[in-house]
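Enquirer: Structure file protein.cif (mmCIF, C-alpha atoms) is given on the next line.
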```
data_input
#
loop_
_atom_site.label_atom_id
_atom_site.label_comp_id
_atom_site.auth_asym_id
_atom_site.auth_seq_id
_atom_site.Cartn_x
_atom_site.Cartn_y
_atom_site.Cartn_z
CA MET K 1 -6.02 -2.69 38.28
CA SER K 2 -9.77 -2.60 38.52
CA VAL K 3 -12.72 -0.27 38.53
CA ASP K 4 -15.61 -1.24 40.78
CA ALA K 5 -18.33 0.84 39.20
CA ALA K 6 -19.28 2.21 35.81
CA PRO K 7 -18.80 5.90 35.01
CA ARG K 8 -21.48 8.11 36.52
CA ARG K 9 -22.01 10.41 33.56
CA PRO K 10 -22.84 8.65 30.31
CA GLU K 11 -22.49 10.39 27.02
CA ARG K 12 -25.94 10.69 25.49
CA GLY K 13 -29.25 8.92 25.61
CA PRO K 14 -30.81 6.80 22.91
CA ASP K 15 -32.95 9.58 21.47
CA ALA K 16 -29.90 11.24 20.01
CA GLY K 17 -29.42 8.69 17.23
CA PRO K 18 -28.70 9.83 13.69
CA ARG K 19 -31.62 10.80 11.54
CA ALA K 20 -31.40 11.53 7.87
CA SER K 21 -34.00 13.58 6.07
CA GLY K 22 -36.65 11.69 4.18
CA PRO K 23 -37.80 8.09 4.48
CA ARG K 24 -35.10 5.62 5.42
CA GLY K 25 -33.40 3.97 2.47
CA ARG K 26 -34.79 6.22 -0.30
CA GLY K 27 -31.72 8.42 -0.45
CA PRO K 28 -29.17 5.66 -1.25
CA ARG K 29 -31.50 3.96 -3.75
CA ALA K 30 -32.21 7.24 -5.50
CA ARG K 31 -28.51 8.03 -5.71
CA ARG K 32 -27.71 4.61 -7.15
CA LEU K 33 -30.49 4.97 -9.73
CA LEU K 34 -29.27 8.45 -10.68
CA ALA K 35 -25.68 7.21 -11.00
CA ARG K 36 -26.84 4.36 -13.25
CA TRP K 37 -28.61 6.75 -15.61
CA VAL K 38 -25.66 9.13 -15.63
CA VAL K 39 -23.38 6.25 -16.65
CA ARG K 40 -25.74 5.27 -19.46
CA ALA K 41 -26.27 8.83 -20.67
CA ALA K 42 -22.68 10.11 -20.57
CA PRO K 43 -21.66 8.56 -23.94
CA LEU K 44 -24.87 9.90 -25.47
CA ALA K 45 -24.05 13.36 -24.18
CA MET K 46 -20.58 13.08 -25.72
CA LEU K 47 -22.12 12.10 -29.05
CA GLY K 48 -24.57 14.98 -28.86
CA LEU K 49 -21.73 17.42 -28.21
CA VAL K 50 -19.84 16.27 -31.32
CA VAL K 51 -22.98 16.43 -33.48
CA GLY K 52 -23.82 19.87 -32.17
CA VAL K 53 -20.38 21.29 -32.91
CA GLN K 54 -20.38 19.72 -36.40
CA PHE K 55 -23.77 21.20 -37.34
CA THR K 56 -23.09 24.67 -35.93
CA SER K 57 -19.65 25.17 -37.49
CA ASN K 58 -18.95 25.94 -41.14
CA HIS K 59 -15.17 25.62 -40.75
CA TRP K 60 -14.59 22.31 -38.92
CA THR K 61 -15.16 18.72 -39.91
CA ILE K 62 -15.02 16.71 -36.69
CA LEU K 63 -17.59 14.00 -37.33
CA GLU K 64 -14.90 11.32 -36.85
CA LEU K 65 -14.87 12.33 -33.18
CA THR K 66 -18.16 10.45 -32.77
CA VAL K 67 -15.90 7.49 -31.95
CA LEU K 68 -15.39 9.08 -28.53
CA SER K 69 -18.91 7.96 -27.59
CA PRO K 70 -18.29 4.16 -27.73
CA LEU K 71 -14.81 4.63 -26.28
CA LEU K 72 -16.35 6.36 -23.27
CA ALA K 73 -19.04 3.67 -23.04
CA ALA K 74 -16.32 1.00 -22.92
CA THR K 75 -15.12 2.38 -19.57
CA LEU K 76 -18.59 2.89 -18.08
CA ALA K 77 -20.85 0.16 -19.45
CA GLY K 78 -20.94 -3.42 -20.66
CA PRO K 79 -20.29 -4.78 -24.17
CA ALA K 80 -23.96 -4.68 -25.24
CA LEU K 81 -24.44 -0.99 -24.48
CA THR K 82 -21.02 -0.20 -25.96
CA MET K 83 -22.05 -1.96 -29.18
CA VAL K 84 -25.21 0.16 -29.32
CA TYR K 85 -23.18 3.36 -28.98
CA ALA K 86 -20.70 2.14 -31.63
CA VAL K 87 -23.54 1.61 -34.14
CA VAL K 88 -25.18 4.94 -33.25
CA ALA K 89 -21.84 6.74 -33.64
CA LEU K 90 -21.33 5.20 -37.09
CA LEU K 91 -24.85 6.13 -38.19
CA ALA K 92 -24.36 9.68 -36.89
CA CYS K 93 -21.14 9.93 -38.88
CA VAL K 94 -22.95 8.81 -42.04
CA LEU K 95 -25.87 11.21 -41.56
CA MET K 96 -23.63 14.19 -40.84
CA GLY K 97 -21.57 13.36 -43.94
CA LEU K 98 -24.72 13.35 -46.07
CA GLN K 99 -25.93 16.58 -44.49
CA ASP K 100 -22.67 18.38 -45.21
CA GLY K 101 -22.14 16.82 -48.63
CA LEU K 102 -18.92 15.09 -47.66
CA PHE K 103 -19.65 12.08 -49.92
CA THR K 104 -19.71 14.19 -53.08
CA GLY K 105 -16.72 16.47 -52.99
CA ASN K 106 -16.28 18.53 -49.85
CA GLU K 107 -13.35 17.84 -47.51
CA GLY K 108 -11.76 15.18 -49.73
CA GLY K 109 -14.84 13.59 -51.25
CA LEU K 110 -15.97 9.99 -51.04
CA ALA K 111 -12.57 8.48 -50.30
CA ALA K 112 -11.92 10.76 -47.33
CA GLN K 113 -15.41 10.12 -45.94
CA LEU K 114 -14.96 6.37 -46.24
CA VAL K 115 -11.67 6.66 -44.31
CA ARG K 116 -13.51 8.59 -41.58
CA LEU K 117 -16.22 5.94 -41.42
CA ALA K 118 -13.62 3.17 -41.27
CA GLY K 119 -11.91 4.95 -38.37
CA VAL K 120 -15.17 5.27 -36.45
CA ALA K 121 -16.08 1.62 -37.13
CA THR K 122 -12.63 0.42 -36.05
CA GLY K 123 -12.76 2.55 -32.90
CA GLY K 124 -16.21 1.19 -32.09
CA ALA K 125 -15.04 -2.41 -32.51
CA MET K 126 -12.04 -1.76 -30.28
CA ALA K 127 -14.33 -0.20 -27.68
CA VAL K 128 -16.50 -3.32 -27.62
CA LEU K 129 -13.43 -5.52 -27.17
CA VAL K 130 -12.15 -3.32 -24.34
CA SER K 131 -15.55 -3.42 -22.66
CA ARG K 132 -15.61 -7.24 -22.88
CA TYR K 133 -12.14 -7.41 -21.34
CA ASN K 134 -13.11 -5.05 -18.50
CA THR K 135 -16.28 -7.03 -17.82
CA ARG K 136 -14.43 -10.34 -17.65
CA ARG K 137 -11.77 -8.86 -15.37
CA GLU K 138 -14.38 -7.42 -13.02
CA THR K 139 -16.22 -10.76 -12.95
CA LYS K 140 -13.02 -12.58 -12.08
CA LEU K 141 -12.26 -10.08 -9.32
CA GLN K 142 -15.77 -10.47 -7.92
CA ASN K 143 -15.38 -14.26 -7.91
CA VAL K 144 -12.06 -14.05 -6.07
CA THR K 145 -13.56 -11.64 -3.55
CA ARG K 146 -16.54 -13.93 -3.06
CA VAL K 147 -14.23 -16.87 -2.38
CA ALA K 148 -12.35 -14.78 0.19
CA GLU K 149 -15.63 -13.76 1.83
CA MET K 150 -16.80 -17.37 2.03
CA THR K 151 -13.44 -18.37 3.51
CA GLN K 152 -13.71 -15.59 6.05
CA LEU K 153 -17.23 -16.54 7.10
CA ALA K 154 -16.25 -20.22 7.29
CA ILE K 155 -13.70 -19.55 10.04
CA LEU K 156 -16.23 -17.57 12.09
CA SER K 157 -18.16 -20.03 14.21
CA CYS K 158 -21.88 -19.70 14.87
CA VAL K 159 -22.39 -17.95 18.18
CA PRO K 160 -25.12 -19.56 20.35
CA THR K 161 -28.14 -17.56 21.39
CA PHE K 162 -27.44 -18.32 25.06
CA THR K 163 -24.26 -19.16 26.94
CA GLY K 164 -23.67 -19.00 30.67
CA GLN K 165 -25.65 -16.01 31.94
CA LEU K 166 -25.67 -14.25 28.58
CA ARG K 167 -27.99 -13.80 25.65
CA LEU K 168 -25.91 -13.22 22.51
CA ALA K 169 -26.24 -11.96 18.96
CA VAL K 170 -23.74 -11.27 16.19
CA ARG K 171 -23.79 -9.36 12.93
CA TYR K 172 -21.21 -9.20 10.16
CA GLU K 173 -21.58 -6.53 7.49
CA SER K 174 -19.34 -6.55 4.44
CA ALA K 175 -18.09 -3.26 3.09
CA ALA K 176 -18.86 -1.74 -0.29
CA ALA K 177 -18.47 -4.01 -3.30
CA GLU K 178 -15.20 -2.41 -4.39
CA ALA K 179 -13.54 -2.96 -1.00
CA MET K 180 -11.46 -6.08 -0.38
CA VAL K 181 -12.46 -8.59 2.25
CA GLY K 182 -11.11 -7.78 5.69
CA GLY K 183 -9.90 -9.70 8.71
CA ASP K 184 -12.60 -8.94 11.28
CA LEU K 185 -13.15 -11.76 13.76
CA TYR K 186 -15.27 -12.69 16.77
CA GLU K 187 -15.70 -15.68 19.08
CA VAL K 188 -17.47 -16.71 22.29
CA ILE K 189 -16.06 -19.43 24.57
CA ASP K 190 -17.60 -20.86 27.74
CA SER K 191 -14.76 -21.38 30.22
CA PRO K 192 -14.63 -22.53 33.89
CA TRP K 193 -14.11 -18.88 34.87
CA GLY K 194 -16.98 -17.36 32.90
CA SER K 195 -18.06 -16.59 29.35
CA ARG K 196 -15.21 -15.15 27.29
CA LEU K 197 -15.82 -12.93 24.28
CA LEU K 198 -13.28 -11.91 21.64
CA VAL K 199 -13.56 -9.31 18.89
CA GLY K 200 -10.57 -8.40 16.76
CA ASP K 201 -9.47 -6.82 13.51
CA VAL K 202 -6.45 -7.85 11.43
CA ARG K 203 -4.50 -5.08 9.77
CA GLY K 204 -4.79 -5.28 6.00
CA LYS K 205 -7.17 -6.94 3.57
CA GLY K 206 -7.50 -10.04 1.49
CA LEU K 207 -6.70 -13.69 2.06
CA ASP K 208 -3.58 -12.91 4.10
CA ALA K 209 -5.74 -11.12 6.68
CA VAL K 210 -8.24 -13.99 6.66
CA GLY K 211 -5.41 -16.46 7.30
CA ILE K 212 -4.13 -14.50 10.31
CA ALA K 213 -7.69 -14.22 11.64
CA SER K 214 -8.05 -17.99 11.37
CA ARG K 215 -4.91 -18.55 13.48
CA VAL K 216 -6.06 -16.03 16.11
CA LEU K 217 -9.45 -17.71 16.43
CA GLY K 218 -7.91 -21.17 16.66
CA CYS K 219 -5.52 -20.05 19.37
CA PHE K 220 -8.27 -18.31 21.34
CA ARG K 221 -10.52 -21.39 21.25
CA VAL K 222 -7.75 -23.37 22.95
CA VAL K 223 -6.24 -20.92 25.46
CA ALA K 224 -9.57 -19.41 26.54
CA ARG K 225 -10.54 -22.80 28.01
CA HIS K 226 -7.23 -23.45 29.77
CA ARG K 227 -5.86 -20.08 30.90
CA GLN K 228 -7.41 -18.79 34.10
CA ASP K 229 -5.78 -15.36 33.88
CA LEU K 230 -7.37 -13.25 31.13
CA ARG K 231 -4.07 -11.40 30.69
CA ALA K 232 -2.35 -14.70 29.90
CA VAL K 233 -4.92 -15.30 27.16
CA LEU K 234 -3.93 -12.01 25.56
CA THR K 235 -0.23 -12.87 25.89
CA ASP K 236 -0.74 -16.20 24.11
CA LEU K 237 -2.65 -14.46 21.31
CA ASP K 238 0.17 -11.93 21.03
CA GLN K 239 2.74 -14.67 20.55
CA GLU K 240 0.55 -16.48 18.01
CA VAL K 241 0.14 -13.35 15.87
CA ALA K 242 3.86 -12.60 16.06
CA GLU K 243 4.61 -16.12 14.82
CA VAL K 244 2.28 -16.12 11.79
CA SER K 245 2.35 -12.49 10.65
CA GLY K 246 4.85 -10.29 8.85
CA LEU K 247 6.72 -7.28 10.13
CA ASP K 248 3.93 -4.88 9.23
CA ASP K 249 1.04 -7.06 10.40
CA PHE K 250 -0.78 -6.82 13.68
CA VAL K 251 -4.22 -7.47 15.20
CA THR K 252 -6.26 -5.23 17.44
CA ALA K 253 -8.40 -7.17 19.90
CA ALA K 254 -10.59 -6.85 22.97
CA VAL K 255 -11.20 -9.85 25.25
CA VAL K 256 -14.06 -9.69 27.75
CA GLN K 257 -14.92 -12.16 30.52
CA ILE K 258 -18.34 -12.06 32.18
CA SER K 259 -19.06 -14.01 35.35
CA GLY K 260 -21.74 -13.17 37.89
CA ASP K 261 -21.87 -9.42 38.46
CA ARG K 262 -18.31 -8.83 37.23
CA LEU K 263 -16.97 -7.94 33.80
CA ASP K 264 -13.21 -8.21 33.22
CA MET K 265 -11.55 -6.87 30.10
CA VAL K 266 -8.14 -6.64 28.46
CA ASN K 267 -7.65 -4.46 25.40
CA ALA K 268 -4.92 -4.60 22.75
CA GLY K 269 -5.30 -1.43 20.72
CA HIS K 270 -8.97 -2.08 19.94
CA PRO K 271 -11.95 0.31 20.12
CA ASP K 272 -13.52 0.32 23.59
CA PRO K 273 -16.60 -1.88 24.07
CA ILE K 274 -19.80 -0.01 24.87
CA LEU K 275 -22.01 -0.70 27.88
CA VAL K 276 -25.71 0.09 27.59
CA ARG K 277 -27.59 0.32 30.89
CA ARG K 278 -31.24 1.24 30.67
CA THR K 279 -31.24 4.42 28.51
CA CYS K 280 -27.54 5.28 28.81
CA ALA K 281 -24.49 4.20 26.83
CA TRP K 282 -20.81 4.78 27.56
CA PRO K 283 -17.49 3.25 26.51
CA LEU K 284 -15.68 0.78 28.75
CA THR K 285 -12.31 2.48 28.71
CA ALA K 286 -9.41 0.22 29.64
CA VAL K 287 -7.35 1.13 32.68
CA SER K 288 -4.25 0.47 30.57
CA ARG K 289 -4.40 -0.33 26.89
CA ARG K 290 -1.58 -2.41 25.45
CA PRO K 291 -0.45 -2.15 21.79
CA PRO K 292 -1.97 -4.48 19.20
CA LEU K 293 -1.22 -8.19 19.09
CA GLY K 294 1.88 -9.30 17.25
CA LEU K 295 4.22 -6.63 18.57
CA LEU K 296 5.36 -8.66 21.63
CA THR K 297 5.11 -5.69 23.98
CA GLY K 298 4.12 -7.54 27.15
CA GLY K 299 0.91 -7.83 29.15
CA ALA K 300 -1.83 -5.36 30.02
CA ASP K 301 -3.63 -4.57 33.25
CA LEU K 302 -7.06 -6.01 33.88
CA THR K 303 -10.04 -3.66 33.82
CA SER K 304 -13.06 -4.71 35.89
CA ILE K 305 -16.52 -3.23 36.38
CA VAL K 306 -19.70 -4.26 38.18
CA ILE K 307 -22.55 -5.24 35.87
CA GLU K 308 -26.27 -5.68 36.41
CA PRO K 309 -28.98 -7.89 34.87
CA GLY K 310 -30.32 -6.14 31.78
CA ASP K 311 -26.99 -4.56 30.86
CA ARG K 312 -25.93 -4.97 27.25
CA VAL K 313 -22.29 -4.95 26.15
CA LEU K 314 -21.39 -4.30 22.51
CA LEU K 315 -18.02 -5.32 21.06
CA TYR K 316 -17.33 -4.07 17.53
CA THR K 317 -14.63 -3.41 14.95
CA ASP K 318 -13.56 0.00 13.73
CA GLY K 319 -15.50 -0.26 10.46
CA ILE K 320 -18.50 1.24 12.25
CA ALA K 321 -16.55 3.72 14.38
CA GLU K 322 -14.74 5.13 11.33
CA ALA K 323 -17.76 5.25 9.01
CA ARG K 324 -18.14 8.73 7.52
CA HIS K 325 -20.96 10.76 6.05
CA PRO K 326 -20.35 11.00 2.27
CA GLU K 327 -21.08 14.74 2.10
CA SER K 328 -19.91 16.24 5.39
CA GLY K 329 -17.15 13.72 6.13
CA GLU K 330 -18.30 13.48 9.75
CA PHE K 331 -17.75 10.26 11.67
CA PHE K 332 -20.75 8.12 12.53
CA PRO K 333 -22.12 9.17 15.97
CA LEU K 334 -21.47 5.78 17.51
CA LEU K 335 -22.45 6.28 21.15
CA PRO K 336 -25.84 7.92 20.47
CA ALA K 337 -26.65 5.35 17.80
CA VAL K 338 -25.70 2.38 20.00
CA GLY K 339 -27.75 3.84 22.85
CA ALA K 340 -30.76 4.33 20.59
CA ALA K 341 -30.52 0.84 19.09
CA LEU K 342 -29.64 -1.30 22.11
CA ALA K 343 -31.70 0.46 24.77
CA ARG K 344 -34.91 -0.58 23.01
CA PRO K 345 -36.83 -3.48 24.61
CA ALA K 346 -36.33 -5.64 21.53
CA VAL K 347 -34.55 -8.87 20.75
CA LEU K 348 -30.82 -8.49 20.19
CA ASP K 349 -30.90 -9.44 16.51
CA ASP K 350 -33.41 -6.67 15.82
CA CYS K 351 -31.32 -4.19 17.81
CA LEU K 352 -28.21 -5.00 15.77
CA GLY K 353 -30.26 -4.73 12.58
CA ASP K 354 -31.39 -1.28 13.67
CA LEU K 355 -27.80 -0.25 14.38
CA VAL K 356 -26.61 -1.48 10.98
CA ALA K 357 -29.48 0.37 9.27
CA ARG K 358 -28.41 3.56 11.04
CA VAL K 359 -24.79 3.31 9.93
CA ARG K 360 -25.77 2.46 6.35
CA GLU K 361 -28.16 5.40 6.32
CA TRP K 362 -25.37 7.64 7.60
CA THR K 363 -22.88 6.47 4.97
CA GLY K 364 -25.34 6.14 2.09
CA SER K 365 -24.77 2.35 2.09
CA ALA K 366 -21.11 2.94 1.26
CA LEU K 367 -19.16 1.31 4.07
CA THR K 368 -15.41 1.38 3.41
CA ASP K 369 -14.52 -1.37 5.89
CA ASP K 370 -16.18 -4.52 7.17
CA VAL K 371 -18.11 -4.32 10.43
CA ALA K 372 -18.30 -7.10 13.04
CA LEU K 373 -20.74 -6.65 15.93
CA LEU K 374 -21.09 -8.89 19.00
CA VAL K 375 -23.57 -7.97 21.72
CA ALA K 376 -24.12 -9.75 25.05
CA GLU K 377 -27.05 -9.16 27.40
CA ILE K 378 -26.73 -10.07 31.08
CA LEU K 379 -29.79 -12.06 32.16
CA GLU K 380 -31.56 -12.74 35.39
CA PRO K 381 -30.83 -16.32 36.58
CA GLU K 382 -34.37 -17.53 35.93
CA VAL K 383 -34.25 -16.30 32.31
CA LEU K 384 -31.40 -18.63 31.34
CA GLU K 385 -32.40 -21.29 28.85
CA PRO K 386 -30.89 -23.00 25.80
CA GLY K 387 -31.60 -21.49 22.44
CA PRO K 388 -31.10 -22.09 18.72
CA VAL K 389 -27.99 -21.12 16.86
CA PRO K 390 -28.45 -17.88 14.90
CA THR K 391 -26.92 -17.10 11.56
CA SER K 392 -24.51 -14.20 11.35
CA GLY K 393 -25.44 -11.31 9.13
#
```
Take the structure in the file and give it back as structure tokens.

Expert:
Amino acid sequence: MSVDAAPRRPERGPDAGPRASGPRGRGPRARRLLARWVVRAAPLAMLGLVVGVQFTSNHWTILELTVLSPLLAATLAGPALTMVYAVVALLACVLMGLQDGLFTGNEGGLAAQLVRLAGVATGGAMAVLVSRYNTRRETKLQNVTRVAEMTQLAILSCVPTFTGQLRLAVRYESAAAEAMVGGDLYEVIDSPWGSRLLVGDVRGKGLDAVGIASRVLGCFRVVARHRQDLRAVLTDLDQEVAEVSGLDDFVTAAVVQISGDRLDMVNAGHPDPILVRRTCAWPLTAVSRRPPLGLLTGGADLTSIVIEPGDRVLLYTDGIAEARHPESGEFFPLLPAVGAALARPAVLDDCLGDLVARVREWTGSALTDDVALLVAEILEPEVLEPGPVPTSG
């Protein structure tokens, strides 16, 4: 099945992009700085609470609870700061004992006070050891995640600036530091039947997802050059995923072919690409969308539209479509933001940078999933020229 023309009524123009109050970028930085000071001050606040209760009460002796300060620091800070709080807690215990006369005869005398001090010192030492263990574990986790990220980026080839009748740009944005590496993938192949673009997303995280993504990309690089029918390309990818993945694994993918004034597309459970024409943006909804790759559900119908020089087509993964505002929980307004970013008369790399800045501003720089972006601009024939290879973001 095919569609000969794009929809007549686009969603919204580029001026409707998201705007947060205040200068761009200050909000997230201010929140991170505030969170850092809260983390550093929380053990001090705990210590102050214990000291305050001890000095204001004539019936309780709770100065040994100063050990809660380094124990709390062990879960929030590094070994150095935990050591500082352990020493401060011990000094506070000594000073409160002198103030209340606990070294001379009250509440058990010197022996009881020395036991209290020994408990606080032991608790502080344990807190430092726990903090060292947590720090080493987090460092090891960060190293493993970094290796996975490098492996993931290694399988993603550099997309050329120009291919066929297209100008291209890509951007890959990793999620927040605590998120595991994902299986987002993209590729561009020049075939005898036109330029073929692939964007996909492997279900799950970690090295298993990266391994499946590697097999999908390898298969696409072969079949995209030898299969004339775009639907057959998707069928081959489906069989490849079914062979290498588990029962619960699958891959969403969109494959686009651009040749002359025609864009053909097959979609396997992936978010719809977005077409930007002049100041308007709308999704390229598939005539029939097949389930994700790996489920062996058969082929999908071909969706075709007429394109014009100057059109820009964005393929993306759901990390940007499912990004939420941290306070309201609202989804990122994708269509208005894409229209605002890609309708500008700027180079594609700058347009993608603007789009990424908008989504990070919306989420407070707290993406929960990786984002892969691939944009293609249809050029006039006389504009075509070779170009350098860009680096992905």

Enquirer: Which residue out of K:Val115, K:Val347, K:Ala92, K:Leu217 has the minimum interatomic distance to Ala154 (chain K) when all atoms listed in the file are used?

Expert: K:Leu217

Enquirer: Calculated over all atoms listed in the file, which of the candidates K:Val216, K:Val359, K:Ala111, K:Leu117 has the smallest distance to Val202 (chain K)?

Expert: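 Among the listed residues, the smallest separation from Val202 (chain K) belongs to K:Val216.
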
Enquirer: Which is closest to Asp354 (chain K) among K:Arg171, K:Gly200, K:Thr61, K:Thr297, if we use all atoms listed in the file?

Expert: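 Comparing K:Arg171, K:Gly200, K:Thr61, K:Thr297 against Asp354 (chain K), the winner is K:Arg171.
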
Enquirer: Here is a test: counting all atoms listed in the file, which residue of K:Ala366, K:Val67, K:Leu284, K:Ala213 is nearest to Met126 (chain K)?

Expert: K:Val67

Enquirer: Expressed in Å to a single decimal, how great is the separation between CA of Val256 (chain K) and CA of Gly310 (chain K)?

Expert: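 Going from CA of Val256 (chain K) over to CA of Gly310 (chain K) covers 17.1 Å.
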
Enquirer: Give me the residues within 9 Å of Ile62 (chain K) as a list in words, counting all atoms listed in the file and dropping any in the same chain fewer than 6 places off.

Expert: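 Once the adjacent positions are removed, what remains is Val50, Val51, Val53 and Gln54 of chain K.
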
Enquirer: Tell me, as a CSV table (one decimal) with C-alpha atoms, in the frame of the given file, which residues lie within 9 Å of Tyr172 (chain K), counting only C-alpha atoms; anything in the same chain fewer than 2 positions away does not count.

Expert:
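Written output follows (out32.csv):
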```csv
chain,number,residue,atom,x,y,z
K,153,LEU,CA,-17.2,-16.5,7.1
K,170,VAL,CA,-23.7,-11.3,16.2
K,174,SER,CA,-19.3,-6.6,4.4
K,184,ASP,CA,-12.6,-8.9,11.3
K,370,ASP,CA,-16.2,-4.5,7.2
K,371,VAL,CA,-18.1,-4.3,10.4
K,372,ALA,CA,-18.3,-7.1,13.0
K,373,LEU,CA,-20.7,-6.6,15.9
K,374,LEU,CA,-21.1,-8.9,19.0
K,392,SER,CA,-24.5,-14.2,11.4
K,393,GLY,CA,-25.4,-11.3,9.1
```

Enquirer: To test your reading of the syntax: which residues would the PyMOL selection byres ((chain K and resi 194) around 7) return for the file shown? Reply as a VMD selection string.

Expert: chain K and resid 190 to 193 195 to 196 257 to 259

Enquirer: Taking the file as shown, find all residues satisfying the PyMOL selection byres ((chain K and resi 237) around 7) and write them as an NGL selection string.

Expert: :K and (216 or 219-220 or 233-236 or 238-241 or 293)

Enquirer: Run the PyMOL selection byres ((chain K and resi 263) around 9) on the file and write out the hits as a PyMOL selection string.

Expert: chain K and resi 256-262+264-265+303-307

Enquirer: List the neighbours of Thr163 (chain K) out to 8 Å using all atoms listed in the file; skip same-chain residues closer than 3 positions along the sequence, and give me the result as a ChimeraX atom specification.

Expert: /K:160,166-168,190,195,386

Enquirer: How many Å separate CA of Leu334 (chain K) from CA of Val188 (chain K)?

Expert: 23.3 Å
